[in-house]
>>> print(open('target37.txt').read())   # compact mmCIF, C-alpha atoms and all ligand atoms
# COMPACT_ATOMS: atom_id res chain seq x y z
CA MET A 1 49.88 -36.88 24.41
CA MET A 2 46.40 -37.60 25.68
CA ILE A 3 46.27 -34.19 27.30
CA PHE A 4 47.28 -32.55 24.03
CA LEU A 5 44.55 -34.42 22.17
CA ALA A 6 41.99 -33.53 24.79
CA ASN A 7 43.00 -29.87 24.54
CA ALA A 8 42.84 -30.00 20.76
CA ALA A 9 39.41 -31.57 20.90
CA ARG A 10 38.28 -28.92 23.37
CA ALA A 11 39.63 -26.15 21.15
CA ALA A 12 37.86 -27.65 18.15
CA ALA A 13 34.65 -27.96 20.11
CA LEU A 14 34.93 -24.34 21.26
CA ALA A 15 35.57 -23.23 17.68
CA ILE A 16 32.44 -25.07 16.55
CA LEU A 17 30.46 -23.50 19.39
CA ALA A 18 31.74 -20.05 18.42
CA VAL A 19 30.64 -20.62 14.81
CA LEU A 20 27.25 -21.84 16.00
CA ALA A 21 26.86 -18.86 18.30
CA CYS A 22 27.60 -16.51 15.40
CA GLY A 23 25.06 -18.36 13.32
CA ILE A 24 22.49 -18.05 16.08
CA ALA A 25 23.27 -14.34 16.52
CA ALA A 26 22.82 -13.77 12.78
CA ASN A 27 19.54 -15.69 12.82
CA ALA A 28 18.41 -13.84 15.93
CA GLU A 29 18.23 -10.56 14.00
CA PRO A 30 14.48 -10.60 13.36
CA LEU A 31 13.12 -9.87 9.93
CA ALA A 32 11.38 -6.51 9.58
CA LYS A 33 8.36 -8.25 8.02
CA THR A 34 7.88 -10.27 11.22
CA LEU A 35 8.04 -7.18 13.45
CA PHE A 36 5.76 -5.04 11.30
CA GLY A 37 3.50 -7.91 10.30
CA SER A 38 2.57 -8.54 13.94
CA GLN A 39 1.43 -4.98 14.72
CA ALA A 40 -2.27 -4.76 15.50
CA LEU A 41 -2.52 -0.98 15.86
CA PRO A 42 -0.74 2.09 14.42
CA ALA A 43 1.81 4.35 16.09
CA ALA A 44 -0.26 7.10 17.72
CA THR A 45 2.11 9.89 16.78
CA ALA A 46 1.97 12.49 14.01
CA ALA A 47 1.26 11.14 10.54
CA LYS A 48 4.60 10.71 8.80
CA SER A 49 5.91 8.37 6.14
CA TYR A 50 9.55 7.26 6.34
CA GLY A 51 11.60 5.87 3.48
CA PHE A 52 10.27 4.70 0.15
CA TYR A 53 7.13 2.88 -1.02
CA SER A 54 9.05 -0.41 -1.06
CA LYS A 55 11.31 0.20 1.94
CA GLY A 56 9.85 2.13 4.84
CA CYS A 57 7.14 2.52 7.44
CA PHE A 58 4.76 5.18 8.74
CA SER A 59 3.28 6.60 11.92
CA GLY A 60 -0.09 8.20 12.64
CA GLY A 61 -1.94 5.62 10.58
CA VAL A 62 -5.73 5.50 10.46
CA ALA A 63 -8.00 2.68 9.30
CA ILE A 64 -10.85 2.56 6.86
CA ALA A 65 -13.84 0.78 8.41
CA THR A 66 -14.54 -2.74 7.18
CA ASP A 67 -17.85 -1.39 5.83
CA GLY A 68 -18.86 2.06 4.72
CA PRO A 69 -21.81 3.57 2.87
CA ASN A 70 -20.04 2.91 -0.45
CA TRP A 71 -17.38 0.29 0.23
CA GLN A 72 -16.58 -3.10 1.72
CA ALA A 73 -13.06 -4.14 2.65
CA MET A 74 -11.81 -7.56 1.55
CA ARG A 75 -9.39 -10.08 3.12
CA LEU A 76 -10.05 -8.77 6.62
CA SER A 77 -7.70 -11.26 8.32
CA ARG A 78 -4.70 -9.47 6.82
CA ASN A 79 -5.30 -6.28 8.86
CA ARG A 80 -4.17 -4.11 5.96
CA ARG A 81 -6.88 -1.44 6.11
CA TRP A 82 -4.41 1.17 7.37
CA GLY A 83 -2.85 4.17 5.73
CA HIS A 84 -1.71 7.75 6.04
CA PRO A 85 -4.81 9.85 6.90
CA THR A 86 -4.65 11.52 3.47
CA MET A 87 -4.80 8.11 1.77
CA ILE A 88 -7.68 6.84 3.88
CA ASN A 89 -9.65 10.08 3.51
CA LEU A 90 -9.06 9.92 -0.24
CA ILE A 91 -10.47 6.40 -0.49
CA GLU A 92 -13.52 7.56 1.45
CA LYS A 93 -13.95 10.47 -0.98
CA LEU A 94 -13.45 8.22 -4.02
CA SER A 95 -16.10 5.82 -2.76
CA ARG A 96 -18.63 8.68 -2.48
CA GLU A 97 -17.79 10.37 -5.76
CA ALA A 98 -17.63 7.08 -7.66
CA ALA A 99 -21.12 6.31 -6.34
CA GLN A 100 -22.29 9.65 -7.79
CA ASP A 101 -20.73 8.53 -11.09
CA GLY A 102 -22.82 5.35 -10.94
CA TRP A 103 -20.25 2.86 -9.55
CA PRO A 104 -22.03 0.55 -7.08
CA GLY A 105 -19.31 0.76 -4.43
CA LEU A 106 -15.65 -0.10 -3.90
CA LEU A 107 -14.24 -3.46 -2.89
CA LEU A 108 -11.06 -2.54 -1.08
CA GLY A 109 -7.95 -4.68 -1.30
CA ASP A 110 -4.77 -4.15 0.66
CA ILE A 111 -3.70 -0.71 1.82
CA SER A 112 -0.95 -1.02 4.49
CA GLN A 113 -0.23 -2.71 7.79
CA PRO A 114 -0.96 -0.51 10.85
CA ARG A 115 2.62 0.78 10.96
CA GLY A 116 3.48 -0.11 7.37
CA GLY A 117 6.76 -1.89 6.75
CA PRO A 118 7.38 -5.03 4.71
CA MET A 119 4.60 -7.62 4.67
CA LEU A 120 4.69 -11.31 5.45
CA THR A 121 3.09 -12.03 2.06
CA GLY A 122 2.31 -10.14 -1.12
CA HIS A 123 3.33 -6.65 -2.14
CA ALA A 124 6.81 -5.21 -2.31
CA SER A 125 5.40 -1.68 -1.90
CA HIS A 126 2.46 -0.52 0.30
CA GLN A 127 5.00 0.13 3.11
CA ILE A 128 4.52 3.84 3.86
CA GLY A 129 0.74 4.19 3.92
CA LEU A 130 0.46 5.84 0.51
CA ASP A 131 -0.62 2.86 -1.67
CA ALA A 132 -4.05 1.24 -1.96
CA ASP A 133 -5.50 -1.56 -4.10
CA ILE A 134 -9.09 -1.33 -5.30
CA TRP A 135 -10.85 -4.18 -7.08
CA PHE A 136 -12.29 -3.82 -10.57
CA THR A 137 -15.18 -6.01 -9.38
CA PRO A 138 -18.09 -3.72 -8.45
CA MET A 139 -19.40 -4.10 -4.91
CA PRO A 140 -22.44 -6.43 -4.76
CA ASP A 141 -25.61 -4.87 -3.33
CA ARG A 142 -25.47 -6.99 -0.19
CA LYS A 143 -23.11 -7.27 2.72
CA LEU A 144 -20.46 -9.93 2.06
CA SER A 145 -19.75 -12.34 4.89
CA VAL A 146 -16.31 -12.42 6.50
CA ASN A 147 -15.82 -15.77 4.80
CA GLU A 148 -16.71 -14.41 1.36
CA ARG A 149 -14.37 -11.48 1.86
CA GLU A 150 -11.60 -13.93 2.66
CA ASN A 151 -12.19 -16.40 -0.16
CA MET A 152 -14.15 -14.72 -2.96
CA SER A 153 -11.88 -14.76 -5.96
CA ALA A 154 -11.38 -11.60 -7.93
CA THR A 155 -12.17 -11.46 -11.64
CA SER A 156 -9.30 -10.79 -13.99
CA MET A 157 -10.19 -8.19 -16.62
CA VAL A 158 -7.40 -9.34 -18.91
CA ASN A 159 -6.72 -12.40 -21.09
CA GLU A 160 -3.55 -13.83 -19.66
CA LYS A 161 -2.20 -14.95 -23.06
CA THR A 162 -2.94 -11.89 -25.20
CA HIS A 163 -2.68 -9.36 -22.33
CA LEU A 164 -5.76 -7.69 -23.81
CA VAL A 165 -8.87 -6.64 -21.90
CA ILE A 166 -11.76 -9.12 -21.96
CA ASP A 167 -14.38 -6.95 -23.66
CA ARG A 168 -17.41 -8.56 -22.10
CA LEU A 169 -16.11 -7.57 -18.64
CA TRP A 170 -14.91 -4.04 -19.35
CA THR A 171 -17.35 -1.12 -19.12
CA LYS A 172 -17.34 2.64 -19.39
CA ALA A 173 -18.04 2.64 -15.65
CA HIS A 174 -14.57 1.12 -15.09
CA GLU A 175 -13.08 3.94 -17.14
CA ARG A 176 -15.03 6.57 -15.18
CA LEU A 177 -13.78 5.09 -11.89
CA LEU A 178 -10.14 5.24 -13.01
CA LYS A 179 -10.62 8.76 -14.35
CA ARG A 180 -12.16 9.91 -11.09
CA ALA A 181 -9.22 8.48 -9.09
CA ALA A 182 -6.58 9.81 -11.49
CA THR A 183 -8.05 13.30 -11.37
CA TYR A 184 -7.35 13.83 -7.65
CA PRO A 185 -4.28 16.04 -7.23
CA GLU A 186 -2.92 13.86 -4.40
CA VAL A 187 -2.76 10.85 -6.74
CA GLU A 188 0.58 10.58 -8.53
CA ARG A 189 0.19 7.18 -10.19
CA ILE A 190 -2.39 4.51 -10.82
CA LEU A 191 -0.99 1.13 -11.79
CA VAL A 192 -3.04 -1.08 -14.11
CA ASN A 193 -2.35 -4.08 -16.32
CA PRO A 194 -0.99 -3.06 -19.73
CA GLY A 195 -4.15 -4.41 -21.39
CA ILE A 196 -6.24 -1.98 -19.37
CA LYS A 197 -3.99 0.95 -20.22
CA LYS A 198 -4.28 0.00 -23.90
CA LYS A 199 -8.07 -0.13 -23.66
CA LEU A 200 -8.15 3.33 -22.09
CA CYS A 201 -5.80 4.70 -24.76
CA GLU A 202 -8.14 3.36 -27.45
CA THR A 203 -11.44 4.45 -25.95
CA ALA A 204 -11.09 7.50 -23.66
CA THR A 205 -12.70 10.57 -25.19
CA GLY A 206 -12.75 14.22 -24.19
CA ASP A 207 -10.07 15.34 -21.74
CA ARG A 208 -7.39 12.65 -21.83
CA SER A 209 -4.80 14.36 -19.64
CA TRP A 210 -5.61 11.99 -16.74
CA LEU A 211 -4.26 9.07 -18.78
CA ARG A 212 -0.76 10.26 -17.95
CA LYS A 213 -1.06 9.06 -14.35
CA VAL A 214 -2.38 5.62 -15.34
CA ARG A 215 0.73 3.49 -15.78
CA PRO A 216 1.02 -0.07 -17.14
CA PHE A 217 2.50 -2.67 -14.81
CA TRP A 218 2.56 -6.44 -14.30
CA GLY A 219 -0.42 -7.90 -12.45
CA HIS A 220 -3.11 -5.31 -11.63
CA ASP A 221 -5.61 -7.16 -13.81
CA TYR A 222 -8.26 -7.61 -11.10
CA HIS A 223 -7.45 -4.48 -9.12
CA PHE A 224 -5.88 -1.09 -9.70
CA HIS A 225 -3.28 0.42 -7.43
CA VAL A 226 -3.60 4.04 -6.32
CA ARG A 227 -0.43 5.75 -5.17
CA ILE A 228 -0.36 9.21 -3.64
CA GLY A 229 2.74 11.36 -3.17
CA CYS A 230 4.74 12.05 -0.02
CA GLN A 231 2.58 14.20 2.24
CA PRO A 232 3.48 17.55 3.81
CA GLY A 233 5.27 16.99 7.13
CA SER A 234 6.91 13.74 6.00
CA VAL A 235 10.47 14.96 5.52
CA GLY A 236 11.76 11.39 5.70
CA CYS A 237 9.59 10.27 2.77
CA ARG A 238 11.40 9.73 -0.52
CA ALA A 239 9.39 10.81 -3.55
CA GLN A 240 9.09 8.59 -6.61
CA ASP A 241 10.15 9.76 -10.06
CA ALA A 242 7.61 11.99 -11.77
CA VAL A 243 5.45 10.27 -14.37
CA PRO A 244 6.75 10.81 -17.91
CA ALA A 245 5.05 13.54 -19.94
CA GLY A 246 2.23 12.65 -22.30
CA GLU A 247 -0.63 10.16 -22.25
CA GLY A 248 1.66 7.12 -22.26
CA CYS A 249 -0.15 5.58 -25.23
CA ASP A 250 3.06 5.43 -27.26
CA LYS A 251 6.08 3.14 -27.74
CA SER A 252 6.42 2.67 -23.99
CA LEU A 253 3.01 0.97 -24.02
CA ALA A 254 3.74 -1.02 -27.20
CA TRP A 255 6.72 -2.60 -25.39
CA TRP A 256 4.32 -4.40 -23.06
CA PHE A 257 2.88 -6.24 -26.06
CA THR A 258 6.22 -7.71 -27.02
CA GLU A 259 7.71 -10.90 -25.60
CA GLU A 260 10.36 -9.16 -23.49
CA PRO A 261 8.38 -8.09 -20.38
CA TRP A 262 6.94 -11.60 -19.96
CA ARG A 263 10.17 -13.60 -20.11
CA LYS A 264 10.82 -15.81 -17.12
CA SER A 265 13.19 -14.31 -14.57
CA GLY A 266 16.80 -15.47 -14.94
CA ASN A 267 16.98 -16.33 -11.25
CA PRO A 268 13.57 -17.49 -10.02
CA ASP A 269 15.00 -18.70 -6.69
CA ALA A 270 16.50 -15.33 -5.68
CA PRO A 271 15.14 -14.36 -2.24
CA LYS A 272 12.53 -11.64 -2.12
CA ALA A 273 13.49 -8.35 -0.42
CA ARG A 274 11.05 -8.97 2.45
CA ASP A 275 12.78 -12.27 3.24
CA VAL A 276 16.10 -10.57 3.98
CA MET A 277 15.13 -7.10 5.21
CA THR A 278 15.89 -6.50 8.88
CA MET A 279 15.42 -3.22 10.77
CA LYS A 280 18.84 -2.20 9.47
CA SER A 281 17.40 -2.11 5.95
CA LEU A 282 14.78 0.47 6.94
CA PRO A 283 15.14 4.15 7.92
CA PRO A 284 16.26 4.44 11.60
CA ALA A 285 12.99 6.23 12.44
CA CYS A 286 11.16 2.95 11.80
CA ARG A 287 12.48 1.63 15.14
CA GLU A 288 10.69 4.50 16.89
CA VAL A 289 7.58 3.82 14.83
CA LEU A 290 7.66 0.21 16.02
CA ASN A 291 8.09 1.26 19.67
CA ALA A 292 5.58 4.14 19.69
CA PRO A 293 2.40 3.85 21.78
CA ALA A 294 -0.79 2.68 20.13
CA PRO A 295 -4.07 4.61 20.15
CA VAL A 296 -6.57 3.55 22.81
CA SER A 297 -8.58 1.58 20.27
CA GLU A 298 -8.96 0.85 16.59
CA ALA A 299 -12.37 2.54 16.63
CA ALA A 300 -10.77 5.82 17.71
CA VAL A 301 -8.74 5.99 14.50
CA THR A 302 -11.23 4.54 11.99
CA VAL A 303 -12.83 6.44 9.11
CA ARG A 304 -16.45 5.37 8.69
CA GLY A 305 -17.66 7.48 5.80
CA GLY A 306 -20.36 10.02 5.08
CA GLY A 307 -17.69 12.62 4.43
CA ARG A 308 -16.38 12.49 7.99
CA THR A 309 -12.63 12.26 7.82
CA ILE A 310 -9.82 12.09 10.35
CA SER A 311 -7.24 14.80 10.65
CA VAL A 312 -4.05 14.35 12.56
CA ALA A 313 -2.41 17.07 14.61
CA SER A 314 0.98 18.01 13.22
CA ALA A 315 2.76 17.85 16.60
CA PRO A 316 3.64 14.37 17.86
CA ALA A 317 1.36 13.16 20.61
CA PRO A 318 2.87 12.40 24.03
CA ALA A 319 3.76 8.78 24.65
CA THR A 320 0.91 8.28 27.08
CA ALA A 321 -2.64 7.03 26.99
CA SER A 322 -3.67 10.49 25.80
CA ALA A 323 -1.74 9.87 22.59
CA VAL A 324 -5.05 9.29 20.86
CA SER A 325 -5.79 12.98 21.24
CA ALA A 326 -3.58 13.42 18.19
CA PHE A 327 -6.56 12.25 16.19
CA THR A 328 -9.80 14.11 15.84
CA GLU A 329 -12.74 13.45 13.63
CA ILE A 330 -13.96 16.54 11.84
CA PRO A 331 -17.29 17.04 10.08
CA LEU A 332 -17.27 17.52 6.33
CA HIS A 333 -18.26 21.20 6.35
CA LEU A 334 -15.18 22.09 8.40
CA ILE A 335 -12.70 20.51 6.00
CA PRO A 336 -10.79 23.26 4.23
CA ILE A 337 -10.63 23.26 0.47
CA PRO A 338 -7.30 21.63 -0.44
CA MET A 339 -4.63 24.06 -1.56
CA ALA A 340 -2.26 23.32 -4.40
CA ARG A 341 1.12 22.24 -3.16
CA PRO A 342 4.47 22.17 -4.92
CA THR A 343 4.88 19.05 -7.02
CA ASP A 344 8.64 18.92 -6.41
CA ALA A 345 8.20 18.37 -2.66
CA GLN A 346 10.70 15.83 -1.30
ZN ZN B 1 -0.94 -2.70 -4.89
>>> encode(input="target37.txt", output="structure tokens")
Amino acid sequence: MMIFLANAARAAALAILAVLACGIAANAEPLAKTLFGSQALPAATAAKSYGFYSKGCFSGGVAIATDGPNWQAMRLSRNRRWGHPTMINLIEKLSREAAQDGWPGLLLGDISQPRGGPMLTGHASHQIGLDADIWFTPMPDRKLSVNERENMSATSMVNEKTHLVIDRLWTKAHERLLKRAATYPEVERILVNPGIKKKLCETATGDRSWLRKVRPFWGHDYHFHVRIGCQPGSVGCRAQDAVPAGEGCDKSLAWWFTEEPWRKSGNPDAPKARDVMTMKSLPPACREVLNAPAPVSEAAVTVRGGGRTISVASAPAPATASAVSAFTEIPLHLIPIPMARPTDAQ
């Protein structure tokens, strides 16, 4: 009898251990945000985006310098100054051309992590190097300290109750900046708060075709979000839906000024995607992106401005220290004029 009991107890104990082991194994599957959030440098292989804006990663990333002739990057501790070379070169160009338009300089918010992927905090998108946030606050005419860049609070342009733009803060210069960004062919969408879209609808004169790309969305009251399309060579990049035809100043905008979009979520405690996504949730290529060699230094893959951009060779670099040779800086006068590309590219 005693032996039977002892055996039963042992079996029960083993069963509990087995359950625990399963639990440990399940917990041992690391979250993708932890793996991607700890990357200090990009994958030094050809520039490619994999997956979708909210579920993917990218290789061949380059950084925008913390300071340029016409920009300063904010929240430096997050290490989110990385993007596909086309995105980073575009920000550099926007900073220069906006300065010609009279904008004092860009304050740059988050772009992507060095290899993209889900983030430990913040954004659901920004995962494939093709999204960038730019503050509506003009750059001050002095260099901000690291501390200020970390803690300076951004100014909301929108009254949080009425969802309308605060008129004393909004200027024609803000409109010119959005127009400049929306006019680039690479840019597919610019997300702004509905109040800002409404203001543009009411006040933009002349050519208004650029309004089509400026889309209303929650948040985006102290910064706007620039999204470019999947780039040539990124066959694993899933394109977003095309923007609807027209200026978007119609019923679809009026909806944002009803009660419906601002109702509390039915399930506020539902876990966020980043808190459950493991590597299995991402395209298989993201494992290679995670394991790829890094460039020799951050400086070697950083865009500093003055029209000097970084181009990335189309062939993947070898997985050796010479991987950085995939990146070359080219002077402005050698950059070819961009050719039109099909808008239905995958
Ligand atoms: Zn954003």
>>> residues_near_ligand(input="target37.txt", ligand="ligand ZN 1 (chain B)", cutoff="10 Å", atoms="only C-alpha atoms and all ligand atoms", output="list in words")
Gly109, Asp110, Ile111, Ser112, Gly122, His123, Ala124, Ser125, His126, Asp131, Ala132, Asp133, Ile134, Ile190, Leu191, Val192, Gly219, His220, His223, Phe224, His225, Val226 and Arg227 of chain A
>>> residues_around(input="target37.txt", residues="A:Lys143", least_positions_apart="6", cutoff="10 Å", atoms="only C-alpha atoms", output="PyMOL selection string")
chain A and resi 67+71-72+149
>>> atom_distance(input="target37.txt", atom1="atom CA of A:Leu130", atom2="atom CA of A:Gly83")
6.4 Å
>>> closest_residue(input="target37.txt", among="A:Gln113, A:Leu120, A:Trp262, A:Pro244", to="A:Glu160", atoms="only C-alpha atoms")
A:Trp262
>>> atom_distance(input="target37.txt", atom1="atom CA of A:Ala65", atom2="atom CA of A:Arg80")
11.1 Å
>>> residues_around(input="target37.txt", residues="stretch 47-49 of chain A", least_positions_apart="3", cutoff="8 Å", atoms="all atoms listed in the file", output="PyMOL selection string")
chain A and resi 56-61+84-85+128-129+230-231+233-237+312+314
>>> closest_residue(input="target37.txt", among="A:Leu76, A:Val303, A:Leu200, A:Val158", to="A:Ile91", atoms="all atoms listed in the file")
A:Val303
>>> residues_near_point(input="target37.txt", point="(-19.3, 7.2, -3.5)", cutoff="9 Å", atoms="only C-alpha atoms", output="mmCIF file with C-alpha atoms, in the coordinates of the input")
data_model
loop_
_atom_site.group_PDB
_atom_site.id
_atom_site.type_symbol
_atom_site.label_atom_id
_atom_site.label_comp_id
_atom_site.auth_asym_id
_atom_site.auth_seq_id
_atom_site.Cartn_x
_atom_site.Cartn_y
_atom_site.Cartn_z
ATOM 1 C CA PRO A 69 -21.810 3.570 2.870
ATOM 2 C CA ASN A 70 -20.040 2.910 -0.450
ATOM 3 C CA TRP A 71 -17.380 0.290 0.230
ATOM 4 C CA GLU A 92 -13.520 7.560 1.450
ATOM 5 C CA LYS A 93 -13.950 10.470 -0.980
ATOM 6 C CA LEU A 94 -13.450 8.220 -4.020
ATOM 7 C CA SER A 95 -16.100 5.820 -2.760
ATOM 8 C CA ARG A 96 -18.630 8.680 -2.480
ATOM 9 C CA GLU A 97 -17.790 10.370 -5.760
ATOM 10 C CA ALA A 98 -17.630 7.080 -7.660
ATOM 11 C CA ALA A 99 -21.120 6.310 -6.340
ATOM 12 C CA GLN A 100 -22.290 9.650 -7.790
ATOM 13 C CA ASP A 101 -20.730 8.530 -11.090
ATOM 14 C CA GLY A 102 -22.820 5.350 -10.940
ATOM 15 C CA TRP A 103 -20.250 2.860 -9.550
ATOM 16 C CA PRO A 104 -22.030 0.550 -7.080
ATOM 17 C CA GLY A 105 -19.310 0.760 -4.430
ATOM 18 C CA LEU A 106 -15.650 -0.100 -3.900
#
>>> residues_near_point(input="target37.txt", point="(16.7, -14.4, 3.4)", cutoff="12 Å", atoms="all atoms listed in the file", output="PyMOL selection string")
chain A and resi 26-27+29-33+269-278
>>> atom_distance(input="target37.txt", atom1="atom CA of A:Gln127", atom2="atom CA of A:Pro42")
12.8 Å
>>> residues_around(input="target37.txt", residues="A:Arg168", least_positions_apart="6", cutoff="12 Å", atoms="all atoms listed in the file", output="count of residues only")
4
>>> closest_residue(input="target37.txt", among="A:Trp210, A:Thr162, A:Gly116, A:Ala204", to="A:Leu35", atoms="all atoms listed in the file")
A:Gly116
>>> closest_residue(input="target37.txt", among="A:Leu41, A:Ile64, A:Ala28, A:Met87", to="A:Val289", atoms="all atoms listed in the file")
A:Leu41
>>> closest_residue(input="target37.txt", among="A:Asp241, A:Glu298, A:Asp141, A:Glu288", to="A:Tyr50", atoms="all atoms listed in the file")
A:Glu288
>>> closest_residue(input="target37.txt", among="A:Ala73, A:Val296, A:Leu164, A:Leu90", to="A:Leu144", atoms="all atoms listed in the file")
A:Ala73
